[in-house]
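Engineer: Following this message is one structure expressed as structure tokens.
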Amino acid sequence: MLESAIAFRSPPARMPRTAVLPQPPTDIAATLHSIGAQLLVRGWLSANNIVFGDGPGGATVVDTGYFSHAAQTVALVEQGLQGQPLAQVVNTHLHSDHCGGNASLQRRWPDLRISVPAGYRAHLLPWDESGLSYRDTDQQCEPFVPQAFITAGDSILLGRRAWQVHAAPGHDPDAVLLFEPDSRTLISGDALWESRLAIIFPELVGEPGFDAAHQALDLIEALQPRLVLPGHGQAFSGVAAAIEASRQRLRAFAAAPLKHRQHAARALVSYHMLEHRSRPRAALIAWIARTPIFGKALQCESDPALALALATATTDRLVADGVLVQQGELIALADG
């Protein structure tokens, strides 16, 4: 069993190999300890990492953060495992913020086994940046080789407990969530957050996604988890309130799909700026205008002039709202 169950938010810069880590609330800490898990709460550029040790199959980490934080991910996992080797990575889905550390972890522990949802098989063997969304979003992910594929109905060993694999489409058609029935703990990936709603990516490219996202919430409600370990943000136990809030946001976006597309564009620009911190204004607007996901989301793929106008409007709105700040010719994150 791991000596302690810890949760902390890592900074955007590389952190020291040792750190004083704030503790989660007592009830959440007790559950994490009981299942042998450490929740490493990352900044929004990287998804959370959930580390399990002391199991028959060896230590496991669920989700591995973004490519540019890969060295930090390796250091955090090493610190959490306290000398144990990492045996397995499990990914809830393959968006770049959830699997960007896979290759670095595989180099650090060459016998590492990587298990991913089976729906991605065709895009991994061989590696297909377009099929994996990285080309459309212009996000980075170092290629890695999976050793196993998981699907709904499977059971996977994390630490000393068997976790159920459930399909969780909506945010991503091939995503899964993981549920441990004895402790009623849910690893939700991006299917459920406490106070926000993840982008429903199929809707950005003209495919249905809102109904699938509702079905994922129905599944979570039926599982009746006591504790949720989300892909982003702190662990939480107010599950019913989080589900209802997500349903309300989904209904609102389904009633006004353009608002969802605009919300997604703003979120993706903000994510890009989390990686780059600052960019010349003209370069940021040009990047938005030429990056395929924005053309699809804002329905301006075939009209370069409209794409440039919408990219400018998106940037100006983010500045007006205080998400970004203009510093001369540069655009920067408001907190950076």
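Ordering of the structure tokens sets the chain letters (A, B, ...), residue numbers begin anew at 1 in every chain, and ligands are numbered from 1 in the order given.
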Please return, as a PyMOL selection string, all residues of range 100-323 of chain A that DSSP assigns to helix (DSSP H, G or I) on the basis of the backbone.

Structural biologist: chain A and resi 102-108+118-124+134-137+201-204+210-223+239-255+257-276+281-290+292-297+304-320

Engineer: Report as a VMD selection string all protein, DNA and RNA residues lying within 12 Å of Cys300 in chain A, evaluated on only C-alpha atoms, omitting residues in the same chain fewer than 4 positions from it.

Structural biologist: chain A and resid 204 to 205 261 288 to 296 304 to 311

Engineer: In Å, rounded to a single decimal, give me how far CA of His98 in chain A is from CA of Phe52 in chain A.

Structural biologist: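 So the two atoms, CA of Phe52 in chain A and CA of His98 in chain A, lie 16.6 Å apart.
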
Engineer: Check the smallest atom-to-atom distance from each of A:Gly328, A:Gly131, A:Pro143, A:Gly209 to Ala168 in chain A using only C-alpha atoms, then report the winner.

Structural biologist: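 Nearest to Ala168 in chain A: A:Gly209.
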
Engineer: Which residue, A:His95, A:Arg266, A:His260, A:Arg161, has the smallest gap to Tyr134 in chain A when you use only C-alpha atoms?

Structural biologist: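 For Tyr134 in chain A, the nearest of the candidates is A:His95.
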
Engineer: From the list A:Arg42, A:His33, A:His93, A:His263, which residue is nearest Ser188 in chain A when using only C-alpha atoms?

Structural biologist: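 For Ser188 in chain A, the nearest of the candidates is A:His93.
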
Engineer: Using only C-alpha atoms, which residues sit within 8 Å of Phe149 in chain A once same-chain residues fewer than 6 positions away are excluded, as an MDAnalysis selection string?

Structural biologist: chainID A and resid 115:118 121

Engineer: Could you check which of A:Gln106, A:Val319, A:Thr92, A:Trp193 is closest to Ala152 in chain A, using only C-alpha atoms?

Structural biologist: A:Thr92

Engineer: Mind checking which residues fall within 10 Å of Asp154 in chain A, counting only C-alpha atoms, ignoring those fewer than 2 positions away in the same chain, and posting them as a ChimeraX atom specification?

Structural biologist: /A:149-152,156,162-166,178

Engineer: Take the residues that were just selected and, keeping N, CA and C atoms, output them as a PDB file, in the first residue's frame.

Structural biologist:
```pdb
ATOM      1  N   PHE A 149      -5.466  -3.057 -25.268  1.00  0.00           N
ATOM      2  CA  PHE A 149      -6.646  -2.250 -25.545  1.00  0.00           C
ATOM      3  C   PHE A 149      -7.764  -2.673 -24.608  1.00  0.00           C
ATOM      4  N   ILE A 150      -8.449  -1.673 -24.039  1.00  0.00           N
ATOM      5  CA  ILE A 150      -9.528  -1.955 -23.091  1.00  0.00           C
ATOM      6  C   ILE A 150     -10.852  -1.512 -23.702  1.00  0.00           C
ATOM      7  N   THR A 151     -11.919  -2.181 -23.299  1.00  0.00           N
ATOM      8  CA  THR A 151     -13.231  -1.872 -23.833  1.00  0.00           C
ATOM      9  C   THR A 151     -14.280  -2.019 -22.749  1.00  0.00           C
ATOM     10  N   ALA A 152     -15.449  -1.447 -22.976  1.00  0.00           N
ATOM     11  CA  ALA A 152     -16.535  -1.524 -22.000  1.00  0.00           C
ATOM     12  C   ALA A 152     -16.827  -2.981 -21.661  1.00  0.00           C
ATOM     13  N   ILE A 156     -10.067  -4.086 -15.035  1.00  0.00           N
ATOM     14  CA  ILE A 156      -8.645  -3.800 -15.062  1.00  0.00           C
ATOM     15  C   ILE A 156      -8.157  -3.601 -13.632  1.00  0.00           C
ATOM     16  N   ALA A 162     -10.030  -4.422  -8.522  1.00  0.00           N
ATOM     17  CA  ALA A 162     -10.494  -4.549  -9.903  1.00  0.00           C
ATOM     18  C   ALA A 162     -11.443  -3.392 -10.211  1.00  0.00           C
ATOM     19  N   TRP A 163     -11.163  -2.688 -11.287  1.00  0.00           N
ATOM     20  CA  TRP A 163     -11.968  -1.550 -11.713  1.00  0.00           C
ATOM     21  C   TRP A 163     -12.725  -1.912 -12.990  1.00  0.00           C
ATOM     22  N   GLN A 164     -13.993  -1.555 -13.023  1.00  0.00           N
ATOM     23  CA  GLN A 164     -14.817  -1.786 -14.197  1.00  0.00           C
ATOM     24  C   GLN A 164     -14.516  -0.729 -15.262  1.00  0.00           C
ATOM     25  N   VAL A 165     -14.526  -1.151 -16.517  1.00  0.00           N
ATOM     26  CA  VAL A 165     -14.370  -0.234 -17.647  1.00  0.00           C
ATOM     27  C   VAL A 165     -15.745   0.009 -18.257  1.00  0.00           C
ATOM     28  N   HIS A 166     -16.107   1.284 -18.403  1.00  0.00           N
ATOM     29  CA  HIS A 166     -17.391   1.666 -18.994  1.00  0.00           C
ATOM     30  C   HIS A 166     -17.148   2.652 -20.133  1.00  0.00           C
ATOM     31  N   LEU A 178     -13.609   4.619 -15.434  1.00  0.00           N
ATOM     32  CA  LEU A 178     -13.225   3.477 -14.603  1.00  0.00           C
ATOM     33  C   LEU A 178     -13.945   3.581 -13.263  1.00  0.00           C
TER      34      LEU A 178
END
```

Engineer: With distances taken over only C-alpha atoms, which of A:Leu330, A:Ala122, A:Ala216, A:Ala148 is nearest to Ala175 in chain A?

Structural biologist: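 Smallest separation from Ala175 in chain A among the options: A:Ala216.
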